[in-house]
Every structure is written in C-alpha cells, then in structure tokens.
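Asks: File name structure-v7.cif; file contents mmCIF, C-alpha atoms and all ligand atoms; full text below.
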data_run
#
loop_
_atom_site.label_atom_id
_atom_site.label_comp_id
_atom_site.auth_asym_id
_atom_site.auth_seq_id
_atom_site.Cartn_x
_atom_site.Cartn_y
_atom_site.Cartn_z
CA MET K 1 98.96 119.85 181.46
CA LYS K 2 97.03 117.57 179.14
CA ALA K 3 95.96 113.97 179.58
CA LEU K 4 94.91 111.58 176.84
CA CYS K 5 92.64 108.89 178.34
CA ILE K 6 92.21 105.88 176.08
CA ILE K 7 89.32 103.52 176.82
CA SER K 8 89.79 100.23 175.04
CA SER K 9 86.35 98.78 175.74
CA PRO K 10 83.92 98.90 172.82
CA GLN K 11 81.39 100.16 175.41
CA GLU K 12 81.59 103.96 175.47
CA SER K 13 79.51 104.14 178.64
CA GLY K 14 80.61 100.89 180.24
CA ASN K 15 82.44 100.08 183.44
CA THR K 16 85.89 101.01 182.17
CA ALA K 17 84.59 104.37 180.97
CA TYR K 18 82.84 104.95 184.31
CA ILE K 19 85.90 104.36 186.47
CA THR K 20 88.15 106.27 184.04
CA GLY K 21 85.65 109.14 184.37
CA LYS K 22 86.34 109.21 188.12
CA ILE K 23 90.11 109.38 187.50
CA ILE K 24 89.43 112.22 185.05
CA GLU K 25 87.35 114.09 187.68
CA GLY K 26 90.40 113.92 189.95
CA MET K 27 92.71 115.10 187.17
CA GLU K 28 90.46 118.03 186.39
CA ALA K 29 90.39 119.03 190.05
CA ALA K 30 94.21 119.10 189.82
CA GLY K 31 94.03 121.43 186.80
CA ILE K 32 94.76 118.78 184.16
CA ARG K 33 92.80 118.99 180.89
CA ALA K 34 91.68 115.49 179.95
CA GLU K 35 90.64 114.18 176.54
CA LYS K 36 88.73 110.89 176.64
CA VAL K 37 88.70 108.62 173.59
CA CYS K 38 87.05 105.24 173.10
CA LEU K 39 88.91 102.94 170.71
CA GLY K 40 85.66 101.14 169.88
CA SER K 41 84.35 104.29 168.18
CA MET K 42 87.47 104.80 166.11
CA ASN K 43 88.46 103.56 162.71
CA ILE K 44 91.82 101.88 163.32
CA HIS K 45 92.78 99.05 160.99
CA TYR K 46 94.91 96.03 161.80
CA CYS K 47 98.67 96.27 161.40
CA ARG K 48 99.61 94.69 158.06
CA GLY K 49 103.05 93.61 159.25
CA CYS K 50 104.64 95.10 156.12
CA GLY K 51 107.57 96.52 158.10
CA ILE K 52 107.62 99.76 156.09
CA CYS K 53 107.15 101.86 159.25
CA GLU K 54 110.46 100.50 160.54
CA LYS K 55 112.16 102.48 157.76
CA THR K 56 109.84 105.49 157.47
CA ARG K 57 108.45 105.64 161.05
CA ARG K 58 105.02 106.16 159.49
CA CYS K 59 102.29 103.62 158.81
CA VAL K 60 101.20 103.29 155.17
CA GLN K 61 97.54 103.30 156.29
CA ARG K 62 95.60 106.54 156.81
CA ASP K 63 92.93 106.24 159.50
CA ASP K 64 92.18 107.44 163.05
CA MET K 65 95.58 106.24 164.23
CA ASP K 66 96.99 109.47 162.73
CA THR K 67 94.83 111.53 165.12
CA MET K 68 95.74 109.25 168.02
CA ILE K 69 99.46 109.77 167.42
CA GLU K 70 98.97 113.56 167.27
CA SER K 71 97.04 113.42 170.57
CA MET K 72 99.75 111.29 172.16
CA ILE K 73 102.46 113.73 171.10
CA ALA K 74 100.46 116.62 172.62
CA ALA K 75 99.65 114.86 175.92
CA ASN K 76 101.75 115.01 179.10
CA ILE K 77 99.85 112.10 180.63
CA ILE K 78 98.65 108.98 178.79
CA LEU K 79 96.07 106.79 180.52
CA ILE K 80 95.16 103.44 179.00
CA ALA K 81 92.24 101.50 180.45
CA SER K 82 91.11 98.01 179.48
CA PRO K 83 88.49 95.57 180.65
CA SER K 84 89.55 91.94 180.75
CA TYR K 85 88.50 90.07 177.64
CA TRP K 86 89.47 86.42 177.94
CA GLY K 87 92.01 87.25 180.59
CA ASP K 88 93.73 89.86 178.46
CA ILE K 89 93.48 93.34 176.93
CA THR K 90 90.70 93.88 174.37
CA GLY K 91 91.27 93.27 170.67
CA GLN K 92 90.83 97.00 170.08
CA LEU K 93 93.77 97.76 172.37
CA LYS K 94 95.96 95.07 170.81
CA VAL K 95 95.36 96.61 167.36
CA PHE K 96 96.19 100.05 168.79
CA PHE K 97 99.45 98.68 170.25
CA ASP K 98 100.37 96.98 166.97
CA ARG K 99 99.70 100.19 165.05
CA SER K 100 101.96 102.10 167.45
CA THR K 101 104.98 100.26 166.02
CA PRO K 102 106.22 103.40 164.17
CA LEU K 103 106.68 104.95 167.66
CA CYS K 104 108.47 101.97 169.20
CA ASN K 105 112.01 102.32 170.55
CA ALA K 106 112.86 98.79 169.40
CA ILE K 107 113.30 100.16 165.85
CA ASN K 108 116.46 102.17 166.45
CA GLY K 109 116.57 102.94 170.16
CA THR K 110 114.52 106.14 169.95
CA THR K 111 110.79 106.65 170.35
CA GLY K 112 108.53 108.34 167.81
CA ILE K 113 107.00 110.60 170.48
CA PRO K 114 108.83 112.81 172.99
CA GLU K 115 109.96 110.73 175.98
CA GLY K 116 109.15 111.41 179.64
CA LYS K 117 105.36 111.38 179.52
CA THR K 118 103.49 109.96 182.51
CA GLY K 119 101.58 106.71 182.08
CA ILE K 120 98.56 105.39 183.96
CA ALA K 121 97.37 101.79 183.48
CA VAL K 122 93.82 100.75 184.38
CA ALA K 123 92.31 97.23 184.39
CA VAL K 124 88.70 96.18 185.03
CA ARG K 125 87.28 92.67 185.30
CA ARG K 126 84.20 90.73 186.36
CA GLY K 127 86.09 87.90 188.06
CA ARG K 128 87.29 88.36 191.61
CA SER K 129 91.01 87.55 191.65
CA PRO K 130 93.51 90.30 190.82
CA GLY K 131 95.98 88.17 188.82
CA GLU K 132 94.21 88.63 185.50
CA ASN K 133 94.07 92.41 185.96
CA MET K 134 97.76 92.42 186.86
CA HIS K 135 98.50 90.78 183.51
CA ILE K 136 96.59 93.61 181.78
CA ILE K 137 98.50 96.26 183.76
CA GLU K 138 101.78 94.60 182.76
CA SER K 139 100.77 94.56 179.06
CA ILE K 140 99.95 98.28 179.19
CA GLU K 141 103.18 99.08 181.04
CA HIS K 142 105.15 97.00 178.52
CA TYR K 143 103.71 99.31 175.85
CA PHE K 144 104.62 102.39 177.91
CA GLY K 145 108.18 101.06 178.24
CA HIS K 146 108.66 100.92 174.46
CA LEU K 147 107.41 104.51 174.07
CA GLY K 148 109.49 106.04 176.84
CA ILE K 149 106.36 106.70 178.92
CA ALA K 150 107.06 106.53 182.68
CA PRO K 151 104.45 104.32 184.41
CA LYS K 152 103.40 106.31 187.48
CA GLY K 153 99.86 105.16 188.20
CA ARG K 154 98.05 101.83 188.39
CA TYR K 155 94.40 101.12 189.07
CA MET K 156 92.65 97.74 189.15
CA ILE K 157 89.09 96.81 190.03
CA GLU K 158 87.69 93.29 190.21
CA GLY K 159 84.16 91.93 190.60
CA VAL K 160 82.67 94.38 188.12
CA GLY K 161 80.27 92.96 185.54
CA ALA K 162 77.85 95.91 185.49
CA ILE K 163 77.78 99.58 186.56
CA ALA K 164 75.74 98.52 189.61
CA ASP K 165 78.80 96.59 190.81
CA ILE K 166 80.91 99.80 190.84
CA ILE K 167 78.61 102.52 192.11
CA CYS K 168 78.32 100.82 195.50
CA ARG K 169 82.13 100.56 195.86
CA GLN K 170 82.77 104.04 197.24
CA GLU K 171 86.33 103.19 198.37
CA LYS K 172 87.27 102.21 194.79
CA ILE K 173 85.63 105.37 193.42
CA ASP K 174 87.61 107.46 195.93
CA GLU K 175 90.80 105.59 194.96
CA ALA K 176 90.19 106.40 191.27
CA TYR K 177 89.53 110.08 192.02
CA GLY K 178 92.63 110.24 194.26
CA LEU K 179 94.81 108.71 191.53
CA GLY K 180 93.79 111.46 189.12
CA LEU K 181 94.09 114.19 191.73
CA ASN K 182 97.59 113.19 192.82
CA ILE K 183 99.14 111.96 189.58
CA LEU K 184 101.34 115.03 189.19
CA LYS K 185 102.80 114.41 192.67
CA SER K 186 103.86 110.82 191.89
C1 LIG K 201 84.12 89.17 175.21
C2 LIG K 201 84.24 89.33 176.70
C3 LIG K 201 85.19 88.59 177.39
C4 LIG K 201 85.33 88.73 178.77
N1 LIG K 201 86.28 88.01 179.43
C5 LIG K 201 86.46 88.17 180.75
C6 LIG K 201 87.48 87.44 181.43
O1 LIG K 201 88.22 86.66 180.84
N2 LIG K 201 87.61 87.66 182.77
C7 LIG K 201 86.82 88.53 183.46
O2 LIG K 201 87.00 88.68 184.66
N3 LIG K 201 85.85 89.23 182.84
C8 LIG K 201 85.66 89.08 181.50
N4 LIG K 201 84.68 89.79 180.85
C9 LIG K 201 83.86 90.74 181.63
C10 LIG K 201 84.39 92.17 181.54
O3 LIG K 201 85.76 92.26 181.81
C11 LIG K 201 83.63 93.05 182.54
O4 LIG K 201 82.23 92.90 182.36
C12 LIG K 201 84.01 94.49 182.43
O5 LIG K 201 83.47 95.20 183.52
C13 LIG K 201 83.51 95.12 181.12
O6 LIG K 201 83.90 96.47 181.06
P1 LIG K 201 83.21 97.49 180.02
O7 LIG K 201 81.80 97.69 180.47
O8 LIG K 201 84.03 98.71 180.11
O9 LIG K 201 83.31 96.85 178.67
C14 LIG K 201 84.49 89.64 179.48
C15 LIG K 201 83.53 90.38 178.78
C16 LIG K 201 83.40 90.23 177.41
C17 LIG K 201 82.34 91.03 176.65
#
Show how you would write the structure in this file as structure tokens.

Replies:
Amino acid sequence: MKALCIISSPQESGNTAYITGKIIEGMEAAGIRAEKVCLGSMNIHYCRGCGICEKTRRCVQRDDMDTMIESMIAANIILIASPSYWGDITGQLKVFFDRSTPLCNAINGTTGIPEGKTGIAVAVRRGRSPGENMHIIESIEHYFGHLGIAPKGRYMIEGVGAIADIICRQEKIDEAYGLGLNILKS
C-alpha cells in the first residue's frame, strides 16, 4: 500500500506539514508506505486553458505535474492538505487542481487515473471557527469526486498560527495519528 501525501502550503516545515507528518506516522505504523510532497517546492505552471488536454488527455506543458500524475497513478491513498489562505485553499493547490484537468471525469465520463483510490482531506487554519476549514475540505473532496477517489478521511484543525499552537494539542495529534493508523479500516 502506498500513500501520496500532498502538502499545499509553501512552507515545507510548517503547520500543515507537521500535522500531515503525524498522519503519516500512523500510516507507517499500519504498514503503508508514504511519499510526502510539498507543492511549494515543485515547478508546476498555471493551466493555460487551451483545452487541448480535453482531446489528448495530456497537458501540453512539461513540468513537475508529469511526476505528480505518475505518483498519483501509483498511489492507493491520496492525501491532500491545505492551510487556509484567505478562507480558501492555497494558490499552489488551485494550480495543481487546474492542471489535473486531463484526469477529470467531466471530459468523457472516465478518469485519467484508475478509480477507487482512497482520499484524505486535511485543512489547517489560524482562526477559530471550523466553517472555513470545512470549505477547504469540500474543495478537496470535490476534486476527489472528479477523479474517482473515494473520500474516506477528513481532518481539520483550527487555532493554529504557529507550530507552538499544535504541539500542545495532544488530542489533535492523537487524532491525526489515529486517522493514518486506521485509514485502511474505513
Ligand atoms: C497569505 C495567508 C493567508 C492566510 N489566510 C488565512 C485565513 O483566511 N484564515 C485563517 O484562519 N488563517 C489564514 N492564514 C493563516 C494560516 O492558515 C495558518 O497560519 C496556517 O497554520 C499556516 O500553515 P502552514 O504553516 O502549513 O503554511 C493565512 C496565512 C497566510 C500566509
């Protein structure tokens, strides 16, 4: 079993990466091999909106999106984690979603990756109310829906502006670990 864990924060060692790391620790304890990637360190260009991929199912641009698609095809589990930026997913994640259009089932009813993978959506924010994080979870699950990925895990944490805000929240750390540990049972 392989998991591809996509961190959409530009901060490779930020809060989103920290909490995703706890989910990964749980996955690894369950025997899942996890690959962690940070979109902020990748070279993924904007979608040009040319529509060519709707005929060819391949983007005309050659960049790190090619590797991402290969990793997605190989993974059994796809985790996508985003901090809230202006009440929404990060720009990096929006570009990644746009560039996934060749895989989208809205083109002809089929997806460009094998269906039936397990999806986990993760949202992190500094503010205290959960509504904004819920919007992020729904955006990620909307993406999963168009790729035939079954959403089986959700994780949200609020009130996190710095690592110091997370490391004292043992119950949320345990929840993250437990999500990774039990994802194959869900
Ligand atoms: C450009 C920017 C916009 C942000 N917008 C929001 C926001 O709208 N709501 C919120 O609760 N937090 C917002 N934050 C705070 C982040 O969501 C929060 O600090 C998060 O823990 C950052 O995660 P990271 O360390 O993985 O990047 C924003 C942070 C940045 C840099």

Asks: Which centre and edge lengths in Å to one decimal define the box along x, y and z that fits every listed atom of region 25-43 of chain K plus 6 Å per side, as JSON?

Replies:
{"center_x": 89.6, "center_y": 111.3, "center_z": 176.4, "size_x": 22.4, "size_y": 32.3, "size_z": 39.3}

Asks: Could you please determine the separation between CA of Ser139 (chain K) and CA of Asp88 (chain K) in Å, to one decimal place?

Replies: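 That distance, rounded to one decimal, is 8.5 Å.
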
Asks: Counting all atoms listed in the file, which protein, DNA or RNA residues come within 8 Å of ligand LIG 201 (chain K), given as an MDAnalysis selection string?

Replies: chainID K and resid 7:18 82:88 124:128 132 158:163

Asks: My list of candidates is K:Ile89, K:Ile173, K:Cys59, K:Cys168. Which is closest to Asn133 (chain K) when distances are computed with all atoms listed in the file?

Replies: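 Counting all atoms listed in the file, the residue closest to Asn133 (chain K) is K:Ile89.
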
Asks: Would you please work out which residue, of K:Lys2, K:Ser100, K:Lys36, K:Ile24, is nearest to Tyr177 (chain K) when using only C-alpha atoms?

Replies: K:Ile24

Asks: Rounded to one decimal in Å, what is the spacing between CA of Met42 (chain K) and CA of Ile140 (chain K)?

Replies: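 Separating CA of Met42 (chain K) from CA of Ile140 (chain K) is a distance of 19.2 Å.
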
Asks: For the atom pair CA of Phe96 (chain K) and CA of Ile23 (chain K), what is the interatomic distance in Å to one decimal place?

Replies: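 We find that CA of Phe96 (chain K) and CA of Ile23 (chain K) lie 21.8 Å from each other.
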
Asks: May I ask which of the residues K:Met1, K:Ala29, K:Ile149, K:Cys53 is the closest one to Thr118 (chain K), counting all atoms listed in the file?

Replies: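 For Thr118 (chain K), the nearest of the candidates is K:Ile149.
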
Asks: Counting all atoms listed in the file, which residue out of K:Gly21, K:Gly148, K:Gly180, K:Gly26 sits closest to Leu103 (chain K)?

Replies: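 The closest residue to Leu103 (chain K) is K:Gly148.
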
Asks: When you look at Asp64 (chain K) with a cut-off of 8 Å (counting all atoms listed in the file), what residues show up, excluding the ones that are within fewer than 2 positions of it in the same chain? I need them as a list of chain:residue names.

Replies: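 Those residues are K:Met42, K:Asn43, K:Ile44, K:Arg62, K:Asp66, K:Thr67, K:Met68.
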
Asks: Excluding same-chain residues fewer than 4 positions from Lys152 (chain K), what lies within 12 Å of it counting only C-alpha atoms, as a PDB file with C-alpha atoms, in the coordinates of the input?

Replies:
ATOM      1  CA  ILE K  77      99.850 112.100 180.630  1.00  0.00           C
ATOM      2  CA  ILE K  78      98.650 108.980 178.790  1.00  0.00           C
ATOM      3  CA  LEU K  79      96.070 106.790 180.520  1.00  0.00           C
ATOM      4  CA  GLY K 116     109.150 111.410 179.640  1.00  0.00           C
ATOM      5  CA  LYS K 117     105.360 111.380 179.520  1.00  0.00           C
ATOM      6  CA  THR K 118     103.490 109.960 182.510  1.00  0.00           C
ATOM      7  CA  GLY K 119     101.580 106.710 182.080  1.00  0.00           C
ATOM      8  CA  ILE K 120      98.560 105.390 183.960  1.00  0.00           C
ATOM      9  CA  ALA K 121      97.370 101.790 183.480  1.00  0.00           C
ATOM     10  CA  VAL K 122      93.820 100.750 184.380  1.00  0.00           C
ATOM     11  CA  ILE K 137      98.500  96.260 183.760  1.00  0.00           C
ATOM     12  CA  GLU K 141     103.180  99.080 181.040  1.00  0.00           C
ATOM     13  CA  PHE K 144     104.620 102.390 177.910  1.00  0.00           C
ATOM     14  CA  GLY K 145     108.180 101.060 178.240  1.00  0.00           C
ATOM     15  CA  LEU K 179      94.810 108.710 191.530  1.00  0.00           C
ATOM     16  CA  GLY K 180      93.790 111.460 189.120  1.00  0.00           C
ATOM     17  CA  ASN K 182      97.590 113.190 192.820  1.00  0.00           C
ATOM     18  CA  ILE K 183      99.140 111.960 189.580  1.00  0.00           C
ATOM     19  CA  LEU K 184     101.340 115.030 189.190  1.00  0.00           C
ATOM     20  CA  LYS K 185     102.800 114.410 192.670  1.00  0.00           C
ATOM     21  CA  SER K 186     103.860 110.820 191.890  1.00  0.00           C
TER      22      SER K 186
END

Asks: Could you check which of K:Gly131, K:Gly109, K:Pro102, K:Pro151 is closest to Glu54 (chain K), using all atoms listed in the file?

Replies: K:Pro102

Asks: Given the choices K:Tyr155, K:Ala30, K:Ala3, K:Asn105, which gets closest to Glu138 (chain K) if the distance is worked out from all atoms listed in the file?

Replies: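 Closest candidate: K:Tyr155.
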